[in-house]
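Here is the structure we will look at.
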Amino acid sequence: MSRDESRNIEDPTAAERKLDHIKLAEASRIGGDQLDTRFYYEPMLSGHPSGDLDIGKTFLGKRLTNPIWVSSMTGGTGIAATINENLAKACAEFGMGMGLGSCRKLMHDDTYFSDFDVRKHIGDQPLYANLGIAQIEEISKDGQWEAIVELVKRLQANGLIIHVNPLQEWLQPEGDRYHSKPIDLIRRAIDQLDTSLIVKEVGQGMGYESLKALCDLPLDGIEFAAGGGTNFAMLELLRSDEAMKETYTKLANIGHTANDMVDMINQLMKDKTSDMPDLIISGGVKDFLDGYHLISKCKGHSVYGQASSFLKHAMGSYEELQKHVHAQVEGLRLAHTLLTVRK
Ligand SMILES: Cc1cc2nc3c(=O)[nH]c(=O)nc-3n(C[C@H](O)[C@H](O)[C@H](O)COP(=O)(O)O)c2cc1C
């Protein structure tokens with residue numbers, strides 16, 4: 001056997017690959033100004049990720065194999081049952097946590113209960129029910145806290161997420177109005193409910209003083225739901241008439257990005273001596289690189305969350321979502337191995 005023949009047996013696609021390299025070299029060029037400057041790339045310090053690499057963490061008292069959260073989305077409409085079942089199955093398979101979409105409907109009517117009833121799919125992973133601050137105000141007025149306890153129990157959830165979304169409600173044609181300060185209502189909910197509580201926005205994030213006020217409460221978690229991704233001010237405007245759009249479109253540009261909010265948390269932590277709530281860094285997180293960057297940079301105990309990026313893959317077969325999450329998790333493990341964050 002000649003030397004060339006034996007080389008071909010060891011590496012049978014070599015000739016084809018070499019030809020590809022020659023043909024594609026020009027098309028592959030990336031300018032220096034397009035490099036991702038968020039990271040140091042350290043190829044000398046690790047091999048490829050191996051099976052024993054552990055990127056998991058204990059979060060909200062439970063072990064997550066992957067530090068990823070499926071942000072609250074849907075329930076109560078045709079396709080929601082499939083979406084929630086797929087998302088819950090992915091959480092069970094990949095060791096992630098999940099917030100349910102607003103469970104308001106279930107307070108009065110069980111027609112759509114099965115859309116939300118995903119404990120059987122998610123196994124022991126964290127699962128949180130979800131209500132808006134307007135419902136918390138109503139419940140607080142009536143003193144009907146038991147209805148929330150019952151909701152969490154029926155869903156076999158680990159606790160409740162309260163979403164605080166004044167811009168969305170204000171712009172939504174059917175939106176609610178509330179007049180109490182959310183921070184007071186949340187304090188009351190903490191006093192009244194013996195369940196784990198998380199507070200979030202819905203896609204515009206929040207400023208320093210709001211974050212600080214939340215961090216000073218004995219909450220279990222804060223989800224940023226920052227701006228930069230799904231924008232519910234814009235979404236409601238898209239559902240509104242032309243006059244509303246013309247007058248209020250600029251409200252959709254109000255808010256804070258997840259990166260800004262991480263800076264705020266890091267600033268807050270400089271003076272803080274007591275425990276901080278666990279953090280779900282979400283809103284505009286497009287992929288594992290965004291998520292890895294934000295959780296690495298954040299000095300608080302954090303995972304990253306995504307809504308619309310999961311939604312895109314959750315509406316069809318479970319296999320489609322499974323393939324997407326698997327690829328994201330593999331990317332995250334690679335990032336953990338080779339990248340550190342520039343401070
Ligand atoms: C279709 C859809 C429905 C949503 N419904 C809720 C909801 O019921 N309650 C809630 O707290 N947030 C809800 N959200 C907001 C998300 O939880 C998240 O905060 C927001 O979409 C920003 O994340 P993203 O940029 O990754 O999409 C919803 C988001 C989407 C895309």
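How things are named: the first chain in the structure tokens is A, the next is B, and so on; residues count from 1 in each chain; ligands count from 1 in the order shown.
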### Query
DSSP says alpha helix (DSSP H) for which residues of region 48-114 of chain A? Put them as a ChimeraX atom specification?
/A:80-94,113-114
Take the residues that were just selected and, keeping C-alpha atoms, output them as a PDB file, in the first residue's frame.
```pdb
ATOM      1  CA  ALA A  80     -50.885  26.449  24.461  1.00  0.00           C
ATOM      2  CA  ALA A  81     -51.263  22.885  25.722  1.00  0.00           C
ATOM      3  CA  THR A  82     -48.758  21.562  23.162  1.00  0.00           C
ATOM      4  CA  ILE A  83     -46.332  24.418  23.861  1.00  0.00           C
ATOM      5  CA  ASN A  84     -46.451  23.925  27.640  1.00  0.00           C
ATOM      6  CA  GLU A  85     -46.168  20.153  27.419  1.00  0.00           C
ATOM      7  CA  ASN A  86     -43.122  20.451  25.132  1.00  0.00           C
ATOM      8  CA  LEU A  87     -41.474  23.070  27.349  1.00  0.00           C
ATOM      9  CA  ALA A  88     -42.088  21.056  30.512  1.00  0.00           C
ATOM     10  CA  LYS A  89     -40.657  17.912  28.908  1.00  0.00           C
ATOM     11  CA  ALA A  90     -37.553  19.853  27.850  1.00  0.00           C
ATOM     12  CA  CYS A  91     -37.122  21.106  31.436  1.00  0.00           C
ATOM     13  CA  ALA A  92     -37.309  17.523  32.712  1.00  0.00           C
ATOM     14  CA  GLU A  93     -34.848  16.214  30.109  1.00  0.00           C
ATOM     15  CA  PHE A  94     -32.318  19.057  30.320  1.00  0.00           C
ATOM     16  CA  PHE A 113     -56.624  23.836  33.495  1.00  0.00           C
ATOM     17  CA  SER A 114     -55.015  21.084  31.405  1.00  0.00           C
TER      18      SER A 114
END
```
### Query
Leaving out Ile139 (chain A) and any residue of its chain fewer than 4 positions from it, which residues lie within 12 Å of it when counting only C-alpha atoms, given as a list in words?
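Result of the neighbour search: Arg104, Met107, Leu131, Gly132, Ile133, Ala134, Gln135, Gly143, Gln144, Trp145, Glu146, Ala147, Ile148, Val149, Tyr178, Leu185, Ile186, Arg188, Ala189, Gln192 and Leu193 of chain A.
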Keeping C-alpha atoms for every residue in the selection just given, could you write it to a file as a short mmCIF file (atom, residue, chain, number, x, y, z; two decimals), in the first residue's frame?
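New file result_30.cif:
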```cif
data_model
loop_
_atom_site.label_atom_id
_atom_site.label_comp_id
_atom_site.auth_asym_id
_atom_site.auth_seq_id
_atom_site.Cartn_x
_atom_site.Cartn_y
_atom_site.Cartn_z
CA ARG A 104 -55.48 34.28 35.98
CA MET A 107 -58.86 31.58 39.40
CA LEU A 131 -50.34 36.05 38.28
CA GLY A 132 -50.29 39.75 37.48
CA ILE A 133 -49.94 42.51 40.05
CA ALA A 134 -53.48 43.70 39.20
CA GLN A 135 -54.84 40.34 40.44
CA GLY A 143 -58.35 39.16 51.52
CA GLN A 144 -58.73 36.08 49.30
CA TRP A 145 -55.13 34.89 49.66
CA GLU A 146 -56.36 31.33 50.06
CA ALA A 147 -57.25 31.34 46.32
CA ILE A 148 -53.54 31.66 45.48
CA VAL A 149 -52.55 28.92 47.90
CA TYR A 178 -54.09 49.13 39.59
CA LEU A 185 -48.58 44.67 47.34
CA ILE A 186 -45.57 42.37 47.03
CA ARG A 188 -48.23 42.06 51.61
CA ALA A 189 -48.08 38.91 49.47
CA GLN A 192 -49.73 36.48 53.61
CA LEU A 193 -48.41 33.62 51.51
#
```
### Task
Go through the chains and note each residue within 9 Å of ligand 1, using only C-alpha atoms and all ligand atoms, then give the set as a ChimeraX atom specification.
/A:70-75,99-104,130-132,161-165,199-205,223-232,282-286,305-311
### Spatial neighbours of Tyr208 (chain A), max dist 10 Å, only C-alpha atoms, sep filter under 6 positions, as a list in words
Leu214, His256, Asp260, Met261, Asp263, Met264, Ile265, Gln267 and Leu268 of chain A
### Task
Looking only at strand (DSSP E or B) from DSSP on the backbone, list the matching residues of region 130-181 of chain A as a list in words.
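Those residues are Asn130, Leu131, Gly132, Gly159, Leu160, Ile161, Ile162 and His163 of chain A.
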Since we have the selection now, will you write its residues out, keeping C-alpha atoms, as a PDB file, in the first residue's frame?
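Saved to again-v3.pdb:
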```
ATOM      1  CA  ASN A 130     -47.991  33.145  37.478  1.00  0.00           C
ATOM      2  CA  LEU A 131     -50.335  36.048  38.284  1.00  0.00           C
ATOM      3  CA  GLY A 132     -50.288  39.753  37.478  1.00  0.00           C
ATOM      4  CA  GLY A 159     -44.395  28.794  44.113  1.00  0.00           C
ATOM      5  CA  LEU A 160     -45.776  31.884  42.389  1.00  0.00           C
ATOM      6  CA  ILE A 161     -44.361  34.430  39.960  1.00  0.00           C
ATOM      7  CA  ILE A 162     -45.948  37.879  40.148  1.00  0.00           C
ATOM      8  CA  HIS A 163     -45.579  39.897  36.962  1.00  0.00           C
TER       9      HIS A 163
END
```
### Summary
Closest of A:Glu330, A:Asp33, A:Glu320, A:Glu236 to Leu167 (chain A), counting only C-alpha atoms, is A:Glu236
### Query
Restricting the calculation to only C-alpha atoms, which member of A:Tyr128, A:Tyr112, A:Tyr248, A:Tyr304 is positioned closest to Pro67 (chain A)?
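So, comparing all the options, the nearest one is A:Tyr304.
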#### Entry: Atomic separation - CA of Ile198 (chain A) relative to CA of Arg177 (chain A), Å
21.3 Å
### Message
With distances taken over only C-alpha atoms, which residue among A:Val262, A:Leu171, A:Val329, A:Leu197 lies nearest Ala233 (chain A)?
### Response
A:Leu171
### Closest of A:Val341, A:Met269, A:Ile190, A:Glu169 to Asp290 (chain A) - atom-to-atom distances counting only C-alpha atoms
A:Val341
### Task
Identify, on the basis of only C-alpha atoms, every residue whose closest approach to Tyr41 (chain A) does not exceed 8 Å; exclude the query and any residue fewer than 6 positions from it along the same chain; express the result as a list of chain:residue names.
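Contacts, in chain order: A:Leu338, A:Leu339, A:Thr340.
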